[in-house]
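K.L.:
Got a structure for you, input.cif, holding mmCIF, C-alpha atoms.
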```cif
data_structure
loop_
_atom_site.label_atom_id
_atom_site.label_comp_id
_atom_site.auth_asym_id
_atom_site.auth_seq_id
_atom_site.Cartn_x
_atom_site.Cartn_y
_atom_site.Cartn_z
CA MET A 1 31.56 9.28 -18.63
CA LYS A 2 29.45 10.12 -21.61
CA TRP A 3 27.33 13.23 -21.29
CA LEU A 4 24.14 13.73 -23.19
CA LYS A 5 23.38 17.21 -24.41
CA VAL A 6 19.73 18.03 -23.89
CA ALA A 7 17.55 21.07 -24.39
CA PHE A 8 15.57 22.42 -21.42
CA VAL A 9 12.14 23.87 -22.12
CA TRP A 10 9.34 24.95 -19.78
CA MET A 11 6.03 23.44 -20.87
CA PHE A 12 2.70 23.05 -19.13
CA VAL A 13 0.96 20.19 -20.90
CA LEU A 14 0.20 16.72 -19.57
CA ASP A 15 1.33 13.93 -21.84
CA ALA A 16 -0.42 10.54 -21.62
CA PHE A 17 1.74 7.46 -22.09
CA ALA A 18 0.79 3.81 -22.05
CA ALA A 19 3.08 0.81 -22.02
CA SER A 20 2.76 -2.92 -21.50
CA CYS A 21 4.50 -4.89 -18.80
CA PRO A 22 8.04 -5.71 -20.04
CA SER A 23 9.55 -9.18 -20.15
CA GLY A 24 10.55 -10.51 -16.75
CA TYR A 25 7.83 -8.69 -14.79
CA ILE A 26 4.32 -9.58 -13.71
CA SER A 27 1.53 -7.02 -13.87
CA SER A 28 -0.07 -5.63 -10.71
CA ASN A 29 -2.91 -3.13 -11.01
CA TYR A 30 -4.29 -0.82 -8.34
CA ARG A 31 -7.38 1.32 -8.22
CA ASP A 32 -6.65 5.03 -8.35
CA SER A 33 -8.06 5.32 -4.83
CA ASP A 34 -5.60 2.71 -3.49
CA LEU A 35 -2.31 3.90 -4.92
CA VAL A 36 -1.43 7.46 -5.90
CA ILE A 37 1.72 8.40 -7.81
CA SER A 38 2.93 11.79 -6.63
CA ALA A 39 6.05 13.83 -5.98
CA SER A 40 5.19 13.72 -2.27
CA CYS A 41 2.68 11.71 -0.23
CA GLY A 42 -0.06 13.82 1.30
CA THR A 43 -2.42 13.43 4.22
CA GLY A 44 -4.21 10.09 4.28
CA THR A 45 -1.45 8.25 2.42
CA THR A 46 1.80 6.50 3.33
CA GLN A 47 4.87 6.33 1.13
CA ILE A 48 5.70 2.70 0.37
CA GLY A 49 8.39 3.25 -2.24
CA GLU A 50 9.59 5.28 -5.17
CA VAL A 51 8.70 4.97 -8.83
CA SER A 52 11.68 3.71 -10.78
CA SER A 53 12.54 5.72 -13.88
CA THR A 54 13.78 2.55 -15.62
CA CYS A 55 12.69 -1.01 -16.33
CA ASN A 56 16.21 -2.41 -16.33
CA GLY A 57 16.33 -5.06 -13.65
CA ASP A 58 14.48 -3.01 -11.02
CA GLU A 59 12.48 -5.03 -8.53
CA GLU A 60 9.45 -2.93 -9.40
CA CYS A 61 8.87 -1.41 -12.80
CA PHE A 62 6.39 1.28 -13.86
CA PRO A 63 6.43 1.14 -17.68
CA ASP A 64 3.82 3.92 -17.99
CA TYR A 65 6.30 6.32 -16.41
CA VAL A 66 9.52 5.35 -18.22
CA CYS A 67 10.86 8.12 -20.46
CA GLY A 68 10.16 7.19 -24.08
CA ALA A 69 13.48 8.62 -25.23
CA GLY A 70 15.41 5.86 -23.47
CA VAL A 71 16.96 8.22 -20.90
CA SER A 72 16.29 7.76 -17.18
CA LYS A 73 17.94 10.86 -15.71
CA VAL A 74 19.70 14.11 -16.44
CA ASN A 75 22.97 15.03 -14.72
CA THR A 76 24.65 18.31 -13.81
CA ASP A 77 28.37 18.87 -14.14
CA VAL A 78 28.74 18.11 -10.40
CA VAL A 79 27.08 14.71 -10.86
CA VAL A 80 23.79 15.65 -9.26
CA SER A 81 21.00 13.93 -11.15
CA ALA A 82 17.26 14.28 -11.61
CA PRO A 83 15.06 11.31 -12.65
CA LEU A 84 13.08 11.61 -15.87
CA TYR A 85 9.57 10.25 -16.43
CA SER A 86 7.22 10.09 -19.38
CA GLN A 87 4.41 11.80 -17.50
CA LYS A 88 4.21 15.29 -16.09
CA ILE A 89 3.02 15.22 -12.49
CA THR A 90 3.93 18.62 -11.05
CA VAL A 91 3.52 22.16 -12.32
CA PRO A 92 6.09 23.42 -12.87
CA SER A 93 8.24 20.47 -13.91
CA LEU A 94 11.72 20.22 -15.35
CA ASN A 95 10.99 19.40 -19.00
CA VAL A 96 13.73 17.83 -21.08
CA SER A 97 13.41 17.52 -24.86
CA ILE A 98 15.37 14.62 -26.35
CA ASN A 99 15.06 13.89 -30.06
CA SER A 100 11.53 15.33 -30.20
CA THR A 101 10.44 13.43 -27.07
CA VAL A 102 9.74 15.41 -23.90
CA CYS A 103 10.31 13.82 -20.51
CA TYR A 104 9.78 15.35 -17.08
CA SER A 105 11.35 15.55 -13.67
CA PRO A 106 8.98 16.48 -10.80
CA LEU A 107 9.73 19.68 -8.91
CA ILE A 108 8.96 20.53 -5.28
CA GLU A 109 9.22 24.06 -3.94
CA GLY A 110 12.11 24.55 -1.53
CA ARG A 111 15.65 23.33 -1.10
CA THR A 112 17.21 20.01 -0.14
CA THR A 113 20.61 18.34 -0.27
CA ASN A 114 22.05 16.42 -3.23
CA ALA A 115 19.37 17.57 -5.65
CA MET A 116 19.13 19.70 -8.76
CA HIS A 117 17.72 23.17 -7.97
CA MET A 118 16.25 25.79 -10.27
CA ASN A 119 14.43 29.09 -10.12
CA HIS A 120 11.00 29.67 -11.62
CA ASN A 121 8.88 32.80 -11.13
CA ASP A 122 11.16 33.92 -8.28
CA LYS A 123 10.77 30.63 -6.42
CA VAL A 124 13.32 27.87 -5.84
CA TYR A 125 12.41 24.27 -6.66
CA TYR A 126 14.28 20.98 -6.44
CA ALA A 127 13.93 17.90 -8.64
CA THR A 128 12.75 14.72 -6.97
CA SER A 129 11.61 11.20 -7.72
CA LEU A 130 7.98 10.13 -7.95
CA LYS A 131 6.62 8.35 -4.90
CA GLN A 132 4.23 5.45 -4.40
CA CYS A 133 1.59 6.70 -1.95
CA ARG A 134 -0.60 3.99 -0.43
CA VAL A 135 -4.00 4.90 0.97
CA ASP A 136 -4.11 4.72 4.78
CA PHE A 137 -6.41 2.42 6.71
CA ASP A 138 -7.67 3.52 10.13
CA SER A 139 -6.84 0.82 12.67
CA SER A 140 -9.18 2.36 15.23
CA VAL A 141 -12.19 1.51 13.05
CA ALA A 142 -13.31 -2.13 13.17
CA PRO A 143 -13.86 -3.66 9.70
CA THR A 144 -17.09 -5.34 8.74
CA GLY A 145 -17.96 -8.48 6.81
CA SER A 146 -18.12 -12.23 7.17
CA TYR A 147 -16.00 -15.14 6.06
CA SER A 148 -16.69 -18.24 4.01
CA GLN A 149 -14.20 -20.90 3.10
CA GLN A 150 -13.90 -21.63 -0.62
CA GLY A 151 -13.10 -25.31 -1.07
CA ASN A 152 -9.81 -25.99 0.66
CA ARG A 153 -8.63 -22.39 0.26
CA MET A 154 -7.98 -20.50 3.46
CA ASP A 155 -8.79 -16.98 2.36
CA TRP A 156 -11.04 -14.24 3.71
CA SER A 157 -12.23 -10.72 3.01
CA LEU A 158 -13.44 -7.69 4.98
CA THR A 159 -14.50 -4.12 4.37
CA ALA A 160 -12.18 -1.65 6.07
CA SER A 161 -12.34 2.14 5.81
CA GLY A 162 -14.79 1.74 2.93
CA ARG A 163 -12.47 -0.56 0.97
CA THR A 164 -12.44 -4.30 0.47
CA ILE A 165 -9.37 -6.07 1.76
CA THR A 166 -8.68 -9.72 1.11
CA GLY A 167 -6.38 -11.94 3.07
CA ILE A 168 -5.12 -15.47 3.54
CA SER A 169 -4.32 -17.64 6.53
CA TYR A 170 -1.52 -20.12 7.04
CA CYS A 171 -0.57 -22.71 9.64
CA GLY A 172 3.07 -22.73 10.64
CA ASP A 173 5.13 -24.89 12.98
CA LYS A 174 6.15 -22.20 15.51
CA LYS A 175 5.28 -18.77 16.84
CA PRO A 176 7.44 -15.68 16.13
CA ASP A 177 10.69 -15.30 18.05
CA SER A 178 9.62 -11.77 18.99
CA GLY A 179 6.67 -9.48 18.30
CA ASP A 180 3.61 -10.53 16.35
CA THR A 181 4.57 -9.99 12.68
CA VAL A 182 7.02 -11.85 10.47
CA THR A 183 7.86 -11.62 6.78
CA SER A 184 7.75 -15.41 6.30
CA VAL A 185 6.25 -18.39 8.12
CA SER A 186 7.98 -21.74 8.55
CA ASN A 187 5.98 -24.91 7.96
CA SER A 188 7.05 -28.47 8.65
CA SER A 189 6.74 -30.91 5.75
CA THR A 190 8.02 -33.86 7.81
CA ASP A 191 5.82 -33.45 10.90
CA LEU A 192 2.46 -32.16 9.73
CA SER A 193 1.07 -32.31 13.25
CA ALA A 194 3.45 -29.49 14.23
CA ASN A 195 1.68 -26.98 11.96
CA TYR A 196 -0.86 -25.60 14.42
CA TYR A 197 0.23 -21.94 14.72
CA CYS A 198 -2.26 -19.65 12.93
CA TYR A 199 -1.00 -16.69 10.88
CA CYS A 200 -2.88 -14.09 8.83
CA ARG A 201 -1.89 -11.60 6.15
CA VAL A 202 -3.59 -9.15 3.80
CA ILE A 203 -2.87 -9.71 0.10
CA THR A 204 -4.97 -6.96 -1.53
CA PRO A 205 -4.97 -4.09 -2.09
CA PHE A 206 -1.44 -4.26 -0.62
CA LEU A 207 0.59 -7.15 0.71
CA SER A 208 1.19 -7.13 4.47
CA ASP A 209 3.48 -9.08 6.75
CA TRP A 210 2.20 -12.23 8.46
CA TYR A 211 0.51 -11.66 11.82
CA TYR A 212 0.56 -14.44 14.40
CA VAL A 213 -2.87 -14.93 15.98
CA THR A 214 -3.00 -18.12 18.04
CA ARG A 215 -2.05 -21.76 18.31
CA TYR A 216 -4.49 -24.68 18.29
CA THR A 217 -3.18 -26.73 21.21
CA LYS A 218 -6.32 -28.82 21.72
CA TYR A 219 -7.28 -29.42 18.09
CA GLY A 220 -3.76 -29.32 16.63
CA ALA A 221 -2.94 -28.95 12.96
CA GLU A 222 -6.36 -30.14 11.85
CA GLY A 223 -7.97 -27.46 13.97
CA CYS A 224 -5.66 -24.82 12.53
CA ASP A 225 -6.48 -25.93 8.98
CA THR A 226 -10.18 -25.78 9.79
CA TYR A 227 -10.49 -22.60 11.80
CA CYS A 228 -7.48 -20.36 11.14
CA TYR A 229 -9.10 -18.36 8.34
CA ALA A 230 -12.14 -17.63 10.52
CA GLN A 231 -9.88 -16.62 13.39
CA CYS A 232 -8.14 -14.13 11.07
CA VAL A 233 -11.45 -12.41 10.39
CA ASP A 234 -12.59 -12.44 14.02
CA SER A 235 -9.25 -11.08 15.21
CA MET A 236 -9.16 -8.37 12.55
CA LYS A 237 -12.62 -7.26 13.62
CA SER A 238 -11.89 -7.31 17.36
CA SER A 239 -8.22 -6.31 17.73
CA SER A 240 -7.03 -2.79 16.90
CA THR A 241 -3.49 -3.97 17.75
CA MET A 242 -3.64 -6.57 14.99
CA ARG A 243 -5.16 -4.11 12.54
CA ALA A 244 -2.42 -1.57 13.23
CA ALA A 245 0.30 -4.17 12.72
CA ILE A 246 -1.27 -5.44 9.49
CA TYR A 247 -2.02 -1.98 8.05
CA ASN A 248 1.38 -0.52 8.95
CA SER A 249 3.21 -3.38 7.21
CA MET A 250 1.24 -3.20 3.94
CA LYS A 251 3.46 -2.35 0.98
#
```
Turn this file's structure into structure tokens for me.
P.N.:
Amino acid sequence: MKWLKVAFVWMFVLDAFAASCPSGYISSNYRDSDLVISASCGTGTTQIGEVSSTCNGDEECFPDYVCGAGVSKVNTDVVVSAPLYSQKITVPSLNVSINSTVCYSPLIEGRTTNAMHMNHNDKVYYATSLKQCRVDFDSSVAPTGSYSQQGNRMDWSLTASGRTITGISYCGDKKPDSGDTVTSVSNSSTDLSANYYCYCRVITPFLSDWYYVTRYTKYGAEGCDTYCYAQCVDSMKSSSTMRAAIYNSMK
């Protein structure tokens, strides 16, 4: 194993860093009020993932946070590591200077297992990864808005908790085996008349699972194609159970 010698310095400045989306990734932008990057997710937010410190084959990549020195972590001699980012999020932070570039590892006060610990001003901190914190939506509050079909698109939008959410509908060929939500919906390409089970999902600001709403027994697949998107809106407005399932699955 090759070890990299680095110099540790305590600094209290916030560096700004901008980067474009690297090859092999597609860009996805969120409003600051929708997604917060933090060392820990606070009240009113839900953690939906971590922020990768690399852009090397990760499913999700955050180029604005990748350390500009080409190093993604720093290790101790007992192989405990701390991720490094281009931006300083916490004060204090573990600041690592590498060839005139400073990168940062967020610090949280306290102790935990399998983490790098350090003392600062008589307090113990541990290094941690940055988290993706999604804004919460209150399922007890009915959203507002109306629907209108755009051409042959089956999409819809509502205002929920003061934010606009957009969704799509889809007609599958069966209902879920259990529960109301699924990650994918089957659709028959050989028997189009079998596609009369209406599903809904939110696509922005965060993608949700599919929620099964109803089946169009009387009007069949044509009825599902015609009315499913409207049923998604009506059900979202009337059913707190559906809203909870949709909101809790958004990532």
K.L.:
Go through A:Phe206, A:Tyr227, A:Tyr219, A:Tyr197 and flag the residue nearest Tyr30 (chain A), using all atoms listed in the file for the distances.
P.N.:
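For Tyr30 (chain A), the nearest of the given residues is A:Phe206.
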K.L.:
How close does region 28-107 of chain A get to region 198-205 of chain A? List, as JSON lines, each residue of region 28-107 of chain A within 10 Å, its nearest atom pair and the distance in Å to one decimal, counting all atoms listed in the file.
P.N.:
```
{"residue": "A:Asn29", "atom": "CA", "partner": "A:Pro205", "partner_atom": "CA", "distance": 9.2}
{"residue": "A:Tyr30", "atom": "CA", "partner": "A:Pro205", "partner_atom": "CA", "distance": 7.1}
{"residue": "A:Arg31", "atom": "CA", "partner": "A:Pro205", "partner_atom": "CA", "distance": 8.5}
{"residue": "A:Asp34", "atom": "CA", "partner": "A:Pro205", "partner_atom": "CA", "distance": 7.0}
{"residue": "A:Leu35", "atom": "CA", "partner": "A:Pro205", "partner_atom": "CA", "distance": 8.9}
```
K.L.:
Separation of CA of Gly49 (chain A) and CA of Val135 (chain A), in Å?
P.N.:
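Computed distance, CA of Gly49 (chain A) to CA of Val135 (chain A), equals 12.9 Å.
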K.L.:
Dump as a compact mmCIF listing (two decimals) with C-alpha atoms, keeping the file's coordinate frame all residues having an atom at most 10 Å from (-11.9, 0.4, 5.3), computed in the file's coordinates with all atoms listed in the file.
P.N.:
```txt
# COMPACT_ATOMS: atom_id res chain seq x y z
CA ASP A 136 -4.11 4.72 4.78
CA PHE A 137 -6.41 2.42 6.71
CA ASP A 138 -7.67 3.52 10.13
CA SER A 139 -6.84 0.82 12.67
CA VAL A 141 -12.19 1.51 13.05
CA ALA A 142 -13.31 -2.13 13.17
CA PRO A 143 -13.86 -3.66 9.70
CA THR A 144 -17.09 -5.34 8.74
CA LEU A 158 -13.44 -7.69 4.98
CA THR A 159 -14.50 -4.12 4.37
CA ALA A 160 -12.18 -1.65 6.07
CA SER A 161 -12.34 2.14 5.81
CA GLY A 162 -14.79 1.74 2.93
CA ARG A 163 -12.47 -0.56 0.97
CA THR A 164 -12.44 -4.30 0.47
CA ILE A 165 -9.37 -6.07 1.76
```
K.L.:
For region 18-27 of chain A, find every residue with an atom within 12 Å (counting all atoms listed in the file), except residues of its own chain fewer than 3 positions away, and show them as an NGL selection string.
P.N.:
:A and (15 or 30 or 54-68 or 86-87)
K.L.:
Expanded to explicit residues, what is the PyMOL selection byres ((chain A and resi 98-107) around 8) for this file, as number ranges by chain?
P.N.:
A: 6-7, 39, 67-69, 82-97, 108-109, 125-130
K.L.:
For the atom pair CA of Gln47 (chain A) and CA of Lys131 (chain A), what is the interatomic distance in Å to one decimal place?
P.N.:
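That distance, rounded to one decimal, is 6.6 Å.
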K.L.:
Might you pull out every residue within 10 Å of Val79 (chain A), with all atoms listed in the file counted and same-chain residues fewer than 2 positions away left off, and present them as a ChimeraX atom specification?
P.N.:
/A:74-77,81-82,114-116
K.L.:
Selection in question (the file shown): the PyMOL selection byres ((chain A and resi 170-173) around 7). Which residues does it include, as a PyMOL selection string?
P.N.:
chain A and resi 168-169+174+185-188+194-200+224-225
K.L.:
So what do you get for CA of Arg111 (chain A) versus CA of Ser52 (chain A), distance-wise?
P.N.:
22.2 Å
K.L.:
Pull out every residue that the PyMOL selection byres ((chain A and resi 237) around 12) matches in the shown coordinates and put them as number ranges by chain.
P.N.:
A: 139-147, 157-160, 230-236, 238-244
K.L.:
From the list A:Val213, A:Cys228, A:Cys41, A:Met250, which residue is nearest Cys133 (chain A) when using all atoms listed in the file?
P.N.:
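Residue with the minimum atom-to-atom distance to Cys133 (chain A): A:Cys41.
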K.L.:
May I ask which of the residues A:Thr46, A:Ser178, A:Ser28, A:Asn119 is the closest one to Tyr247 (chain A), counting all atoms listed in the file?
P.N.:
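Under the stated criterion, the closest residue is A:Thr46.
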K.L.:
Please determine, counting all atoms listed in the file, which residue among A:Ser53, A:Thr112, A:Ser208, A:Thr166 has the shortest atom-to-atom distance to Lys73 (chain A).
P.N.:
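Of A:Ser53, A:Thr112, A:Ser208, A:Thr166, the one nearest Lys73 (chain A) is A:Ser53, counting all atoms listed in the file.
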K.L.:
Taking all atoms of region 183-202 of chain A that the file lists and extending 4 Å past them on each side, where is the centre of the axis-aligned box and how long are its edges? Answer in Å to one decimal, as JSON.
P.N.:
```
{"center_x": 2.2, "center_y": -21.5, "center_z": 9.3, "size_x": 19.6, "size_y": 32.7, "size_z": 18.9}
```
K.L.:
Could region 183-194 of chain A be completed with all heavy atoms and returned as a CSV table (one decimal), keeping the file's coordinate frame?
P.N.:
```
chain,number,residue,atom,x,y,z
A,183,THR,N,7.9,-11.7,8.2
A,183,THR,CA,7.9,-11.6,6.8
A,183,THR,C,7.7,-13.0,6.1
A,183,THR,O,7.2,-13.0,5.0
A,183,THR,CB,9.1,-11.0,6.2
A,183,THR,OG1,10.3,-11.7,6.7
A,183,THR,CG2,9.3,-9.5,6.7
A,184,SER,N,8.0,-14.1,6.8
A,184,SER,CA,7.8,-15.4,6.3
A,184,SER,C,7.4,-16.4,7.4
A,184,SER,O,7.8,-16.1,8.6
A,184,SER,CB,9.0,-15.9,5.5
A,184,SER,OG,10.1,-16.0,6.4
A,185,VAL,N,6.7,-17.4,7.1
A,185,VAL,CA,6.2,-18.4,8.1
A,185,VAL,C,6.8,-19.8,7.8
A,185,VAL,O,6.7,-20.2,6.6
A,185,VAL,CB,4.7,-18.5,8.2
A,185,VAL,CG1,4.3,-19.5,9.2
A,185,VAL,CG2,4.1,-17.1,8.5
A,186,SER,N,7.5,-20.4,8.8
A,186,SER,CA,8.0,-21.7,8.6
A,186,SER,C,6.9,-22.8,8.7
A,186,SER,O,5.9,-22.6,9.5
A,186,SER,CB,9.1,-22.0,9.5
A,186,SER,OG,8.6,-22.0,10.9
A,187,ASN,N,7.0,-23.9,8.0
A,187,ASN,CA,6.0,-24.9,8.0
A,187,ASN,C,6.7,-26.2,7.8
A,187,ASN,O,7.6,-26.4,7.0
A,187,ASN,CB,5.0,-24.7,6.8
A,187,ASN,CG,3.9,-25.8,6.7
A,187,ASN,OD1,4.2,-26.9,6.2
A,187,ASN,ND2,2.7,-25.5,7.2
A,188,SER,N,6.4,-27.2,8.7
A,188,SER,CA,7.0,-28.5,8.6
A,188,SER,C,6.4,-29.4,7.6
A,188,SER,O,5.2,-29.6,7.6
A,188,SER,CB,7.0,-29.1,10.0
A,188,SER,OG,7.6,-30.4,10.0
A,189,SER,N,7.2,-29.9,6.7
A,189,SER,CA,6.7,-30.9,5.8
A,189,SER,C,7.0,-32.3,6.2
A,189,SER,O,6.5,-33.3,5.6
A,189,SER,CB,7.4,-30.7,4.4
A,189,SER,OG,8.8,-30.8,4.6
A,190,THR,N,7.7,-32.5,7.3
A,190,THR,CA,8.0,-33.9,7.8
A,190,THR,C,7.1,-34.2,9.0
A,190,THR,O,6.9,-35.4,9.2
A,190,THR,CB,9.5,-34.0,8.2
A,190,THR,OG1,9.8,-32.9,9.2
A,190,THR,CG2,10.4,-33.8,7.0
A,191,ASP,N,6.7,-33.2,9.8
A,191,ASP,CA,5.8,-33.4,10.9
A,191,ASP,C,4.6,-32.5,10.8
A,191,ASP,O,4.6,-31.4,11.3
A,191,ASP,CB,6.6,-33.2,12.2
A,191,ASP,CG,5.7,-33.5,13.4
A,191,ASP,OD1,4.6,-34.0,13.3
A,191,ASP,OD2,6.1,-33.1,14.6
A,192,LEU,N,3.6,-33.0,10.0
A,192,LEU,CA,2.5,-32.2,9.7
A,192,LEU,C,1.7,-31.8,11.0
A,192,LEU,O,1.0,-30.8,11.0
A,192,LEU,CB,1.5,-32.9,8.7
A,192,LEU,CG,2.1,-33.2,7.4
A,192,LEU,CD1,1.1,-33.9,6.5
A,192,LEU,CD2,2.7,-31.9,6.7
A,193,SER,N,1.8,-32.6,12.0
A,193,SER,CA,1.1,-32.3,13.2
A,193,SER,C,1.6,-31.1,14.0
A,193,SER,O,1.0,-30.6,14.9
A,193,SER,CB,1.1,-33.5,14.2
A,193,SER,OG,2.4,-33.8,14.6
A,194,ALA,N,2.8,-30.7,13.6
A,194,ALA,CA,3.4,-29.5,14.2
A,194,ALA,C,2.9,-28.2,13.7
A,194,ALA,O,3.2,-27.1,14.3
A,194,ALA,CB,5.0,-29.5,14.0
```
